[in-house]
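Chemist: Below you'll find work_25.pdb; it's PDB, C-alpha atoms, pLDDT in the B column.
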MODEL        1
ATOM      1  CA  MET A   1      -7.478  16.712  -5.174  1.00 47.00           C
ATOM      2  CA  LYS A   2     -10.733  14.967  -6.086  1.00 45.00           C
ATOM      3  CA  ILE A   3     -10.330  12.323  -3.408  1.00 46.00           C
ATOM      4  CA  GLY A   4      -9.924  14.987  -0.703  1.00 50.00           C
ATOM      5  CA  LEU A   5     -13.565  15.775   0.016  1.00 47.00           C
ATOM      6  CA  ARG A   6     -14.603  12.112  -0.182  1.00 49.00           C
ATOM      7  CA  ALA A   7     -11.865  11.078   2.270  1.00 48.00           C
ATOM      8  CA  VAL A   8     -12.825  13.744   4.793  1.00 51.00           C
ATOM      9  CA  VAL A   9     -16.501  12.774   4.559  1.00 48.00           C
ATOM     10  CA  VAL A  10     -15.647   9.108   5.206  1.00 46.00           C
ATOM     11  CA  TRP A  11     -13.452  10.068   8.149  1.00 50.00           C
ATOM     12  CA  ALA A  12     -16.077  12.372   9.653  1.00 51.00           C
ATOM     13  CA  THR A  13     -18.805   9.769   9.255  1.00 50.00           C
ATOM     14  CA  LEU A  14     -16.778   7.095  11.012  1.00 48.00           C
ATOM     15  CA  CYS A  15     -15.933   9.495  13.848  1.00 50.00           C
ATOM     16  CA  ALA A  16     -19.636   9.471  14.614  1.00 50.00           C
ATOM     17  CA  VAL A  17     -19.803   5.654  14.826  1.00 49.00           C
ATOM     18  CA  PRO A  18     -20.030   4.514  18.467  1.00 48.00           C
ATOM     19  CA  ALA A  19     -16.851   2.816  19.655  1.00 42.00           C
ATOM     20  CA  ALA A  20     -18.972  -0.175  20.630  1.00 40.00           C
ATOM     21  CA  ALA A  21     -19.506  -0.938  16.937  1.00 44.00           C
ATOM     22  CA  GLY A  22     -15.850  -1.952  16.852  1.00 46.00           C
ATOM     23  CA  ALA A  23     -16.032  -4.034  13.683  1.00 89.00           C
ATOM     24  CA  ILE A  24     -15.633  -1.000  11.394  1.00 95.00           C
ATOM     25  CA  THR A  25     -12.536   1.231  11.368  1.00 96.00           C
ATOM     26  CA  GLY A  26     -11.457   4.024   9.092  1.00 97.00           C
ATOM     27  CA  THR A  27      -8.048   5.555   8.432  1.00 97.00           C
ATOM     28  CA  LEU A  28      -7.262   8.932   6.930  1.00 98.00           C
ATOM     29  CA  SER A  29      -3.681   9.606   5.782  1.00 98.00           C
ATOM     30  CA  LEU A  30      -1.772  12.445   4.187  1.00 98.00           C
ATOM     31  CA  VAL A  31       1.550  11.501   2.573  1.00 98.00           C
ATOM     32  CA  SER A  32       4.131  13.608   0.778  1.00 98.00           C
ATOM     33  CA  GLU A  33       3.684  11.247  -2.176  1.00 97.00           C
ATOM     34  CA  TYR A  34       2.028   7.929  -2.995  1.00 98.00           C
ATOM     35  CA  ASP A  35       4.811   5.366  -3.232  1.00 97.00           C
ATOM     36  CA  PHE A  36       4.031   1.867  -4.544  1.00 97.00           C
ATOM     37  CA  ARG A  37       6.884  -0.609  -4.509  1.00 96.00           C
ATOM     38  CA  GLY A  38       9.479   2.089  -5.010  1.00 95.00           C
ATOM     39  CA  ILE A  39       7.655   3.847  -7.869  1.00 95.00           C
ATOM     40  CA  THR A  40       5.662   7.047  -7.345  1.00 95.00           C
ATOM     41  CA  GLN A  41       1.980   6.886  -8.253  1.00 96.00           C
ATOM     42  CA  SER A  42       1.351  10.601  -7.684  1.00 97.00           C
ATOM     43  CA  ALA A  43       4.189  12.064  -9.766  1.00 94.00           C
ATOM     44  CA  GLY A  44       5.977  13.055  -6.568  1.00 94.00           C
ATOM     45  CA  ASP A  45       3.044  15.139  -5.330  1.00 96.00           C
ATOM     46  CA  PRO A  46       1.202  14.777  -1.990  1.00 98.00           C
ATOM     47  CA  ALA A  47      -1.631  12.263  -1.717  1.00 98.00           C
ATOM     48  CA  LEU A  48      -4.672  12.124   0.538  1.00 98.00           C
ATOM     49  CA  GLN A  49      -5.674   8.545   1.258  1.00 98.00           C
ATOM     50  CA  ALA A  50      -8.654   7.034   3.055  1.00 98.00           C
ATOM     51  CA  SER A  51      -9.656   3.507   3.985  1.00 98.00           C
ATOM     52  CA  VAL A  52     -12.563   1.688   5.609  1.00 97.00           C
ATOM     53  CA  ASP A  53     -12.108  -1.830   7.013  1.00 97.00           C
ATOM     54  CA  TRP A  54     -14.732  -4.211   8.313  1.00 96.00           C
ATOM     55  CA  ALA A  55     -13.762  -7.143  10.531  1.00 95.00           C
ATOM     56  CA  ALA A  56     -16.448  -9.653   9.598  1.00 91.00           C
ATOM     57  CA  GLY A  57     -15.477 -12.255  12.197  1.00 91.00           C
ATOM     58  CA  HIS A  58     -13.779 -15.666  12.028  1.00 92.00           C
ATOM     59  CA  GLY A  59     -10.627 -14.017  10.665  1.00 94.00           C
ATOM     60  CA  PHE A  60     -12.328 -12.427   7.640  1.00 96.00           C
ATOM     61  CA  GLU A  61     -11.904  -8.744   6.793  1.00 97.00           C
ATOM     62  CA  LEU A  62     -13.108  -6.565   3.919  1.00 97.00           C
ATOM     63  CA  GLY A  63     -11.473  -3.284   2.954  1.00 97.00           C
ATOM     64  CA  LEU A  64     -11.953  -0.232   0.750  1.00 98.00           C
ATOM     65  CA  TRP A  65      -9.010   2.115   0.136  1.00 98.00           C
ATOM     66  CA  ALA A  66      -8.659   5.194  -2.061  1.00 98.00           C
ATOM     67  CA  SER A  67      -6.007   7.709  -3.080  1.00 98.00           C
ATOM     68  CA  ASN A  68      -5.457  10.458  -5.614  1.00 98.00           C
ATOM     69  CA  ILE A  69      -2.997   9.447  -8.356  1.00 97.00           C
ATOM     70  CA  ASP A  70      -1.180  11.008 -11.297  1.00 95.00           C
ATOM     71  CA  PHE A  71      -0.179   8.852 -14.270  1.00 93.00           C
ATOM     72  CA  GLY A  72       0.462  11.819 -16.534  1.00 90.00           C
ATOM     73  CA  ASP A  73      -1.621  11.956 -19.702  1.00 80.00           C
ATOM     74  CA  CYS A  74      -2.321   8.225 -19.664  1.00 84.00           C
ATOM     75  CA  CYS A  75      -6.040   7.584 -19.486  1.00 87.00           C
ATOM     76  CA  GLY A  76      -7.841  10.370 -17.656  1.00 86.00           C
ATOM     77  CA  GLU A  77      -7.458   8.695 -14.274  1.00 91.00           C
ATOM     78  CA  SER A  78      -7.221  10.728 -11.067  1.00 94.00           C
ATOM     79  CA  VAL A  79      -8.261   8.303  -8.326  1.00 97.00           C
ATOM     80  CA  GLU A  80      -7.386   4.738  -7.376  1.00 98.00           C
ATOM     81  CA  VAL A  81      -9.936   2.698  -5.410  1.00 98.00           C
ATOM     82  CA  ASP A  82      -8.877  -0.704  -4.071  1.00 98.00           C
ATOM     83  CA  LEU A  83     -11.310  -3.404  -2.940  1.00 98.00           C
ATOM     84  CA  SER A  84      -9.809  -6.141  -0.792  1.00 98.00           C
ATOM     85  CA  GLY A  85     -10.574  -9.235   1.238  1.00 98.00           C
ATOM     86  CA  ARG A  86      -8.432 -11.020   3.807  1.00 98.00           C
ATOM     87  CA  TRP A  87      -8.570 -14.167   5.898  1.00 98.00           C
ATOM     88  CA  THR A  88      -6.190 -14.440   8.858  1.00 97.00           C
ATOM     89  CA  ARG A  89      -5.339 -17.310  11.152  1.00 96.00           C
ATOM     90  CA  GLY A  90      -3.155 -16.531  14.158  1.00 92.00           C
ATOM     91  CA  ASP A  91      -1.479 -18.094  17.166  1.00 87.00           C
ATOM     92  CA  SER A  92      -1.147 -15.329  19.748  1.00 78.00           C
ATOM     93  CA  GLU A  93       0.844 -17.532  22.116  1.00 77.00           C
ATOM     94  CA  HIS A  94       3.723 -17.805  19.645  1.00 82.00           C
ATOM     95  CA  GLY A  95       3.180 -14.502  17.828  1.00 87.00           C
ATOM     96  CA  LEU A  96       2.561 -16.316  14.533  1.00 96.00           C
ATOM     97  CA  ALA A  97      -0.046 -15.456  11.891  1.00 97.00           C
ATOM     98  CA  VAL A  98      -0.794 -16.485   8.315  1.00 97.00           C
ATOM     99  CA  ASP A  99      -3.215 -14.783   5.948  1.00 98.00           C
ATOM    100  CA  LEU A 100      -4.631 -14.963   2.432  1.00 98.00           C
ATOM    101  CA  PHE A 101      -5.318 -11.675   0.694  1.00 98.00           C
ATOM    102  CA  GLY A 102      -6.981 -10.606  -2.541  1.00 98.00           C
ATOM    103  CA  ILE A 103      -7.241  -7.118  -4.019  1.00 98.00           C
ATOM    104  CA  TRP A 104      -8.830  -5.443  -7.028  1.00 98.00           C
ATOM    105  CA  TYR A 105      -7.113  -2.228  -8.121  1.00 98.00           C
ATOM    106  CA  ALA A 106      -9.750  -0.012  -9.723  1.00 98.00           C
ATOM    107  CA  PHE A 107      -9.341   3.318 -11.517  1.00 97.00           C
ATOM    108  CA  PRO A 108     -12.692   5.108 -11.947  1.00 95.00           C
ATOM    109  CA  GLY A 109     -12.851   6.764 -15.337  1.00 91.00           C
ATOM    110  CA  ALA A 110     -10.089   4.503 -16.639  1.00 94.00           C
ATOM    111  CA  ALA A 111     -11.469   0.986 -16.189  1.00 94.00           C
ATOM    112  CA  GLU A 112      -9.012  -0.337 -18.771  1.00 95.00           C
ATOM    113  CA  LEU A 113      -6.335  -0.056 -16.065  1.00 96.00           C
ATOM    114  CA  ASP A 114      -8.154  -2.256 -13.501  1.00 98.00           C
ATOM    115  CA  PHE A 115      -6.395  -5.455 -12.430  1.00 98.00           C
ATOM    116  CA  PRO A 116      -6.362  -8.127  -9.670  1.00 98.00           C
ATOM    117  CA  GLU A 117      -3.665  -9.420  -7.339  1.00 98.00           C
ATOM    118  CA  VAL A 118      -3.569 -12.144  -4.673  1.00 98.00           C
ATOM    119  CA  SER A 119      -1.075 -12.905  -1.935  1.00 98.00           C
ATOM    120  CA  VAL A 120      -0.200 -15.104   1.011  1.00 98.00           C
ATOM    121  CA  GLY A 121       1.569 -13.728   4.063  1.00 98.00           C
ATOM    122  CA  LEU A 122       3.335 -15.128   7.112  1.00 98.00           C
ATOM    123  CA  ALA A 123       4.147 -13.010  10.168  1.00 97.00           C
ATOM    124  CA  TRP A 124       6.184 -13.896  13.236  1.00 96.00           C
ATOM    125  CA  LYS A 125       6.454 -11.295  15.972  1.00 94.00           C
ATOM    126  CA  VAL A 126       8.133  -8.237  14.343  1.00 96.00           C
ATOM    127  CA  VAL A 127       8.901  -9.817  10.950  1.00 97.00           C
ATOM    128  CA  ALA A 128       6.462 -10.478   8.093  1.00 98.00           C
ATOM    129  CA  ALA A 129       6.944 -12.023   4.640  1.00 98.00           C
ATOM    130  CA  ARG A 130       4.503 -11.940   1.738  1.00 98.00           C
ATOM    131  CA  ALA A 131       4.312 -13.313  -1.817  1.00 98.00           C
ATOM    132  CA  TRP A 132       2.093 -11.590  -4.407  1.00 98.00           C
ATOM    133  CA  TYR A 133       0.893 -12.785  -7.801  1.00 98.00           C
ATOM    134  CA  SER A 134      -1.144 -11.186 -10.580  1.00 98.00           C
ATOM    135  CA  TRP A 135      -2.075 -12.939 -13.816  1.00 98.00           C
ATOM    136  CA  ASP A 136      -2.905  -9.584 -15.451  1.00 98.00           C
ATOM    137  CA  TYR A 137      -0.545  -7.093 -13.853  1.00 98.00           C
ATOM    138  CA  ALA A 138      -1.342  -3.449 -14.637  1.00 96.00           C
ATOM    139  CA  ALA A 139      -4.014  -4.745 -17.058  1.00 96.00           C
ATOM    140  CA  SER A 140      -1.224  -5.793 -19.421  1.00 96.00           C
ATOM    141  CA  GLY A 141      -2.266  -9.409 -19.935  1.00 96.00           C
ATOM    142  CA  ALA A 142       1.123 -10.428 -18.492  1.00 97.00           C
ATOM    143  CA  SER A 143       1.763 -12.052 -15.112  1.00 98.00           C
ATOM    144  CA  ALA A 144       3.929 -10.654 -12.330  1.00 98.00           C
ATOM    145  CA  THR A 145       5.189 -11.636  -8.896  1.00 98.00           C
ATOM    146  CA  TYR A 146       6.285  -9.591  -5.912  1.00 98.00           C
ATOM    147  CA  LEU A 147       8.140 -10.927  -2.863  1.00 98.00           C
ATOM    148  CA  GLU A 148       8.524  -8.757   0.216  1.00 98.00           C
ATOM    149  CA  LEU A 149       9.958  -8.841   3.718  1.00 98.00           C
ATOM    150  CA  ASN A 150       8.880  -6.313   6.350  1.00 98.00           C
ATOM    151  CA  LEU A 151      10.093  -5.320   9.805  1.00 98.00           C
ATOM    152  CA  SER A 152       8.161  -3.430  12.483  1.00 97.00           C
ATOM    153  CA  LEU A 153      10.141  -3.023  15.691  1.00 98.00           C
ATOM    154  CA  PRO A 154       8.582  -1.147  18.635  1.00 96.00           C
ATOM    155  CA  LEU A 155      10.884   1.301  20.431  1.00 97.00           C
ATOM    156  CA  PRO A 156      10.462   3.183  23.713  1.00 96.00           C
ATOM    157  CA  ALA A 157       8.464   6.427  23.973  1.00 94.00           C
ATOM    158  CA  GLU A 158       5.913   5.507  21.261  1.00 94.00           C
ATOM    159  CA  PHE A 159       8.553   5.233  18.538  1.00 97.00           C
ATOM    160  CA  GLY A 160       8.918   2.400  16.038  1.00 98.00           C
ATOM    161  CA  LEU A 161      11.536   1.293  13.534  1.00 98.00           C
ATOM    162  CA  THR A 162      10.234  -0.041  10.221  1.00 98.00           C
ATOM    163  CA  GLY A 163      11.876  -1.602   7.206  1.00 98.00           C
ATOM    164  CA  HIS A 164      10.885  -3.159   3.898  1.00 98.00           C
ATOM    165  CA  CYS A 165      12.539  -4.979   1.026  1.00 98.00           C
ATOM    166  CA  GLY A 166      10.709  -6.204  -2.069  1.00 98.00           C
ATOM    167  CA  TYR A 167      11.481  -7.732  -5.455  1.00 98.00           C
ATOM    168  CA  SER A 168       9.310  -7.417  -8.569  1.00 97.00           C
ATOM    169  CA  ASP A 169       9.681 -10.107 -11.243  1.00 97.00           C
ATOM    170  CA  GLY A 170       7.679 -12.135 -13.713  1.00 97.00           C
ATOM    171  CA  GLU A 171       6.542 -11.852 -17.310  1.00 97.00           C
ATOM    172  CA  TYR A 172       5.464  -8.207 -17.007  1.00 97.00           C
ATOM    173  CA  TRP A 173       8.894  -7.111 -15.810  1.00 96.00           C
ATOM    174  CA  HIS A 174      10.631  -8.024 -19.072  1.00 92.00           C
ATOM    175  CA  ALA A 175      11.804  -5.358 -21.494  1.00 87.00           C
ATOM    176  CA  ASP A 176       9.921  -6.927 -24.409  1.00 88.00           C
ATOM    177  CA  VAL A 177       6.593  -6.649 -22.508  1.00 89.00           C
ATOM    178  CA  SER A 178       6.677  -3.375 -20.557  1.00 89.00           C
ATOM    179  CA  GLY A 179      10.031  -1.889 -21.471  1.00 89.00           C
ATOM    180  CA  LEU A 180      11.016  -2.345 -17.815  1.00 92.00           C
ATOM    181  CA  GLU A 181      13.135  -4.809 -15.855  1.00 93.00           C
ATOM    182  CA  ALA A 182      12.798  -6.872 -12.689  1.00 95.00           C
ATOM    183  CA  TYR A 183      13.894  -4.712  -9.783  1.00 95.00           C
ATOM    184  CA  LEU A 184      14.481  -4.408  -6.044  1.00 96.00           C
ATOM    185  CA  ASP A 185      12.888  -1.763  -3.855  1.00 97.00           C
ATOM    186  CA  TRP A 186      13.452  -1.016  -0.191  1.00 97.00           C
ATOM    187  CA  TRP A 187      12.789   1.554   2.483  1.00 98.00           C
ATOM    188  CA  ALA A 188      13.774   2.229   6.065  1.00 98.00           C
ATOM    189  CA  GLY A 189      11.655   4.350   8.357  1.00 98.00           C
ATOM    190  CA  LEU A 190      10.857   5.723  11.773  1.00 98.00           C
ATOM    191  CA  GLU A 191       7.364   6.098  13.229  1.00 98.00           C
ATOM    192  CA  HIS A 192       6.027   7.986  16.225  1.00 98.00           C
ATOM    193  CA  SER A 193       2.567   8.229  17.782  1.00 96.00           C
ATOM    194  CA  PHE A 194       1.147  11.530  19.020  1.00 92.00           C
ATOM    195  CA  GLY A 195      -2.155  10.765  20.705  1.00 92.00           C
ATOM    196  CA  HIS A 196      -4.544   9.716  17.959  1.00 94.00           C
ATOM    197  CA  PHE A 197      -2.044  10.463  15.175  1.00 97.00           C
ATOM    198  CA  ASP A 198       0.819   8.407  13.749  1.00 97.00           C
ATOM    199  CA  VAL A 199       3.667  10.156  11.950  1.00 98.00           C
ATOM    200  CA  SER A 200       6.089   8.294   9.654  1.00 98.00           C
ATOM    201  CA  LEU A 201       9.351   9.166   7.930  1.00 98.00           C
ATOM    202  CA  ARG A 202      10.798   6.861   5.258  1.00 98.00           C
ATOM    203  CA  TRP A 203      13.783   6.813   2.973  1.00 98.00           C
ATOM    204  CA  VAL A 204      12.711   5.002  -0.212  1.00 97.00           C
ATOM    205  CA  ASP A 205      15.262   3.576  -2.645  1.00 96.00           C
ATOM    206  CA  GLY A 206      16.019   0.583  -4.844  1.00 92.00           C
ATOM    207  CA  SER A 207      17.362  -0.461  -8.224  1.00 89.00           C
ATOM    208  CA  ASP A 208      16.539   2.297 -10.688  1.00 79.00           C
ATOM    209  CA  GLN A 209      14.045   1.827 -13.529  1.00 84.00           C
ATOM    210  CA  SER A 210      16.157   3.716 -16.063  1.00 78.00           C
ATOM    211  CA  ALA A 211      13.380   3.580 -18.684  1.00 80.00           C
ATOM    212  CA  LEU A 212      11.329   5.873 -16.427  1.00 79.00           C
ATOM    213  CA  ASP A 213      14.079   8.444 -15.821  1.00 72.00           C
ATOM    214  CA  GLY A 214      13.320  11.928 -17.081  1.00 68.00           C
ATOM    215  CA  THR A 215       9.607  11.390 -17.692  1.00 73.00           C
ATOM    216  CA  ASP A 216       7.476  14.537 -17.859  1.00 75.00           C
ATOM    217  CA  GLY A 217       6.468  15.605 -14.360  1.00 77.00           C
ATOM    218  CA  ASP A 218       8.407  12.715 -12.781  1.00 83.00           C
ATOM    219  CA  VAL A 219       5.553  10.322 -13.576  1.00 91.00           C
ATOM    220  CA  PHE A 220       6.414   6.820 -12.283  1.00 92.00           C
ATOM    221  CA  SER A 221       9.817   7.992 -11.046  1.00 91.00           C
ATOM    222  CA  SER A 222      11.819   5.460  -9.024  1.00 92.00           C
ATOM    223  CA  ALA A 223      14.398   7.994  -7.823  1.00 91.00           C
ATOM    224  CA  PRO A 224      15.508   7.812  -4.149  1.00 93.00           C
ATOM    225  CA  ARG A 225      13.407  10.089  -1.942  1.00 95.00           C
ATOM    226  CA  VAL A 226      12.024  10.885   1.495  1.00 98.00           C
ATOM    227  CA  VAL A 227       8.348  10.132   2.108  1.00 98.00           C
ATOM    228  CA  LEU A 228       6.550  11.743   5.056  1.00 98.00           C
ATOM    229  CA  GLY A 229       3.135  10.710   6.323  1.00 98.00           C
ATOM    230  CA  VAL A 230       0.573  11.381   9.042  1.00 98.00           C
ATOM    231  CA  ALA A 231      -2.438   9.163   9.720  1.00 98.00           C
ATOM    232  CA  THR A 232      -5.282   8.736  12.160  1.00 97.00           C
ATOM    233  CA  THR A 233      -7.661   5.810  12.655  1.00 96.00           C
ATOM    234  CA  VAL A 234     -11.236   6.095  13.887  1.00 94.00           C
ATOM    235  CA  PRO A 235     -13.180   5.426  16.019  1.00 90.00           C
ATOM    236  CA  TRP A 236     -10.730   7.034  18.461  1.00 87.00           C
ATOM    237  CA  ARG A 237     -10.262   5.103  21.674  1.00 76.00           C
TER     238      ARG A 237
ENDMDL
END
Go through the file and emit its structure as structure tokens.

Modeler:
Amino acid sequence: MKIGLRAVVVWATLCAVPAAAGAITGTLSLVSEYDFRGITQSAGDPALQASVDWAAGHGFELGLWASNIDFGDCCGESVEVDLSGRWTRGDSEHGLAVDLFGIWYAFPGAAELDFPEVSVGLAWKVVAARAWYSWDYAASGASATYLELNLSLPLPAEFGLTGHCGYSDGEYWHADVSGLEAYLDWWAGLEHSFGHFDVSLRWVDGSDQSALDGTDGDVFSSAPRVVLGVATTVPWR
């Protein structure tokens, strides 16, 4: 995987950053496949993913995230690189937080696929809701929305219960634009921490995108599946 060496280099470099720097963190993840809103982005194959985040102060954060992808014989793409910015305002006393988020999905070697998306999120204790909007979803020239609700419930012995439900709609998700339909995706999962490593297990499902059934190599499949992952964040503390 082309992203593999780059991800390991980023991870190794950040391991060498003194913990006192604090404002910069990096995460390296290996997942059994790259799932995005119930649709595989790696044709059901494993994905190595890396991110670097910088907390700039006053609630601002900048991020860089990358993963190997497989869109079949689309456009010669093999890597996705996302650039993001976030502003968060929180009330720790009541466990409440609101944030504004913007992201640019980039595909080196296939710039015609690049597109933007913005969102606003509200979190209260273990529950978080978010609304997304893109005016040029998947570089189609059509708009799209995504509404999601997430649960992250801590359990004893370093375990955690997670859940997600999302709904994709808007102009893009009409048969006369993309050949697809508005749909629901969801997953339920269990997480466990082993020292510096976090392991996750998810069952991913949702309303089926029948137009994508039977594609060569399971590209963009929305079939129900299990997704496994392991991740570590540096600097280790």

Chemist: Measure the distance from CA of Leu180 (chain A) to CA of Ser143 (chain A) in Å and round it to one decimal.

Modeler: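 CA of Ser143 (chain A) lies at a distance of 13.7 Å from CA of Leu180 (chain A).
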
Chemist: Please list as a PDB file with C-alpha atoms, in the coordinates of the input every residue within 10 Å of Phe197 (chain A), counting all atoms listed in the file and excluding residues in the same chain fewer than 3 positions away.

Modeler:
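The result, stored in result11.pdb:
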ATOM      1  CA  LEU A  28      -7.262   8.932   6.930  1.00 98.00           C
ATOM      2  CA  SER A  29      -3.681   9.606   5.782  1.00 98.00           C
ATOM      3  CA  HIS A 192       6.027   7.986  16.225  1.00 98.00           C
ATOM      4  CA  SER A 193       2.567   8.229  17.782  1.00 96.00           C
ATOM      5  CA  PHE A 194       1.147  11.530  19.020  1.00 92.00           C
ATOM      6  CA  VAL A 230       0.573  11.381   9.042  1.00 98.00           C
ATOM      7  CA  ALA A 231      -2.438   9.163   9.720  1.00 98.00           C
ATOM      8  CA  THR A 232      -5.282   8.736  12.160  1.00 97.00           C
ATOM      9  CA  THR A 233      -7.661   5.810  12.655  1.00 96.00           C
ATOM     10  CA  TRP A 236     -10.730   7.034  18.461  1.00 87.00           C
TER      11      TRP A 236
END

Chemist: Counting only C-alpha atoms, figure out which residue out of A:Val120, A:Val52, A:Val81, A:Leu113 gets nearest to Leu100 (chain A).

Modeler: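 The shortest atom-to-atom distance to Leu100 (chain A) comes from A:Val120.
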
Chemist: Would you please work out which residue, of A:Leu201, A:Val234, A:Ala123, A:Ala106, is nearest to Val31 (chain A) when using all atoms listed in the file?

Modeler: A:Leu201

Chemist: Which of these residues is nearest to Arg130 (chain A), using only C-alpha atoms: A:Gly160, A:Gly166, A:Gly72, A:Pro108?

Modeler: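 Ranking A:Gly160, A:Gly166, A:Gly72, A:Pro108 by distance to Arg130 (chain A), first place goes to A:Gly166.
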
Chemist: Please, what distance in Å, to one decimal, runs between CA of Gly38 (chain A) and CA of Thr25 (chain A)?

Modeler: 27.5 Å

Chemist: With distances taken over all atoms listed in the file, which residue among A:Ala55, A:Ala139, A:Leu155, A:Ala110 lies nearest Ser78 (chain A)?

Modeler: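 Among the listed residues, A:Ala110 lies closest to Ser78 (chain A).
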
Chemist: For each of A:Glu80, A:Asp53, A:Glu93, A:Asp73, take the minimum atom-to-atom distance to Gln41 (chain A), counting all atoms listed in the file, then give the residue where this is smallest.

Modeler: A:Glu80

Chemist: Point out the residue among A:Pro235, A:Val127, A:Leu151, A:Gly229 with the least atom-to-atom distance to Leu96 (chain A), counting only C-alpha atoms.

Modeler: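 Selected residue with least distance to Leu96 (chain A): A:Val127.
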
Chemist: The PyMOL selection byres ((chain A and resi 70) around 12) on the file shown: which residues, as JSON, numbers by chain?

Modeler: {"A": [1, 2, 33, 34, 35, 39, 40, 41, 42, 43, 44, 45, 46, 47, 67, 68, 69, 71, 72, 73, 74, 75, 76, 77, 78, 79, 80, 107, 216, 217, 218, 219, 220, 221]}

Chemist: Could you check how far CA of Ser152 (chain A) sits from CA of Phe115 (chain A), in Å to one decimal?

Modeler: 28.9 Å

Chemist: What are the centre and the three edge lengths of an axis-aligned box that wraps all atoms of region 65-74 of chain A in the file, given that 6 Å is added to every side, written as JSON and rounded to one decimal in Å?

Modeler:
{"center_x": -4.3, "center_y": 7.0, "center_z": -9.8, "size_x": 21.5, "size_y": 21.8, "size_z": 31.8}

Chemist: Taking 2 positions as the minimum chain separation for residues in the same chain, which residues sit within 8 Å of Tyr137 (chain A) when counting all atoms listed in the file? Answer as number ranges by chain.

Modeler: A: 115-117, 134-135, 139-144, 172

Chemist: If we count all atoms listed in the file, what is near region 202-209 of chain A at a cut-off of 8 Å, once residues fewer than 5 positions away on the same chain are taken out, given as a list in words?

Modeler: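 In the requested format, the answer is Gly38, Leu180, Glu181, Tyr183, Leu184, Asp185, Trp186, Trp187, Ala188, Gly189, Leu190, Ser221, Ser222, Ala223, Pro224, Arg225, Val226, Val227 and Leu228 of chain A.
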
Chemist: Where atoms are missing, can you supply N, CA, C and O atoms for region 182-193 of chain A and output the lot as a PDB file, keeping the file's coordinate frame?

Modeler:
ATOM      1  N   ALA A 182      12.981  -6.450 -14.068  1.00 95.00           N
ATOM      2  CA  ALA A 182      12.798  -6.872 -12.689  1.00 95.00           C
ATOM      3  C   ALA A 182      13.670  -5.995 -11.788  1.00 95.00           C
ATOM      4  O   ALA A 182      14.767  -5.593 -12.176  1.00 95.00           O
ATOM      5  N   TYR A 183      13.156  -5.659 -10.606  1.00 95.00           N
ATOM      6  CA  TYR A 183      13.894  -4.712  -9.783  1.00 95.00           C
ATOM      7  C   TYR A 183      13.641  -4.936  -8.293  1.00 95.00           C
ATOM      8  O   TYR A 183      12.667  -5.575  -7.889  1.00 95.00           O
ATOM      9  N   LEU A 184      14.537  -4.354  -7.496  1.00 96.00           N
ATOM     10  CA  LEU A 184      14.481  -4.408  -6.044  1.00 96.00           C
ATOM     11  C   LEU A 184      14.080  -3.035  -5.512  1.00 96.00           C
ATOM     12  O   LEU A 184      14.565  -2.010  -6.002  1.00 96.00           O
ATOM     13  N   ASP A 185      13.191  -3.019  -4.543  1.00 97.00           N
ATOM     14  CA  ASP A 185      12.888  -1.763  -3.855  1.00 97.00           C
ATOM     15  C   ASP A 185      13.006  -1.976  -2.350  1.00 97.00           C
ATOM     16  O   ASP A 185      12.815  -3.089  -1.848  1.00 97.00           O
ATOM     17  N   TRP A 186      13.354  -0.913  -1.638  1.00 97.00           N
ATOM     18  CA  TRP A 186      13.452  -1.016  -0.191  1.00 97.00           C
ATOM     19  C   TRP A 186      13.219   0.343   0.452  1.00 97.00           C
ATOM     20  O   TRP A 186      13.329   1.377  -0.202  1.00 97.00           O
ATOM     21  N   TRP A 187      12.853   0.319   1.717  1.00 98.00           N
ATOM     22  CA  TRP A 187      12.789   1.554   2.483  1.00 98.00           C
ATOM     23  C   TRP A 187      13.071   1.262   3.952  1.00 98.00           C
ATOM     24  O   TRP A 187      12.893   0.139   4.430  1.00 98.00           O
ATOM     25  N   ALA A 188      13.539   2.281   4.624  1.00 98.00           N
ATOM     26  CA  ALA A 188      13.774   2.229   6.065  1.00 98.00           C
ATOM     27  C   ALA A 188      13.083   3.436   6.673  1.00 98.00           C
ATOM     28  O   ALA A 188      13.122   4.534   6.104  1.00 98.00           O
ATOM     29  N   GLY A 189      12.433   3.248   7.815  1.00 98.00           N
ATOM     30  CA  GLY A 189      11.655   4.350   8.357  1.00 98.00           C
ATOM     31  C   GLY A 189      11.593   4.386   9.863  1.00 98.00           C
ATOM     32  O   GLY A 189      11.979   3.442  10.564  1.00 98.00           O
ATOM     33  N   LEU A 190      11.070   5.500  10.350  1.00 98.00           N
ATOM     34  CA  LEU A 190      10.857   5.723  11.773  1.00 98.00           C
ATOM     35  C   LEU A 190       9.435   6.222  11.950  1.00 98.00           C
ATOM     36  O   LEU A 190       8.961   7.075  11.176  1.00 98.00           O
ATOM     37  N   GLU A 191       8.731   5.695  12.964  1.00 98.00           N
ATOM     38  CA  GLU A 191       7.364   6.098  13.229  1.00 98.00           C
ATOM     39  C   GLU A 191       7.240   6.597  14.664  1.00 98.00           C
ATOM     40  O   GLU A 191       7.997   6.182  15.546  1.00 98.00           O
ATOM     41  N   HIS A 192       6.273   7.489  14.878  1.00 98.00           N
ATOM     42  CA  HIS A 192       6.027   7.986  16.225  1.00 98.00           C
ATOM     43  C   HIS A 192       4.552   8.311  16.362  1.00 98.00           C
ATOM     44  O   HIS A 192       3.927   8.857  15.443  1.00 98.00           O
ATOM     45  N   SER A 193       3.978   7.970  17.518  1.00 96.00           N
ATOM     46  CA  SER A 193       2.567   8.229  17.782  1.00 96.00           C
ATOM     47  C   SER A 193       2.414   9.453  18.668  1.00 96.00           C
ATOM     48  O   SER A 193       3.102   9.580  19.692  1.00 96.00           O
TER      49      SER A 193
END
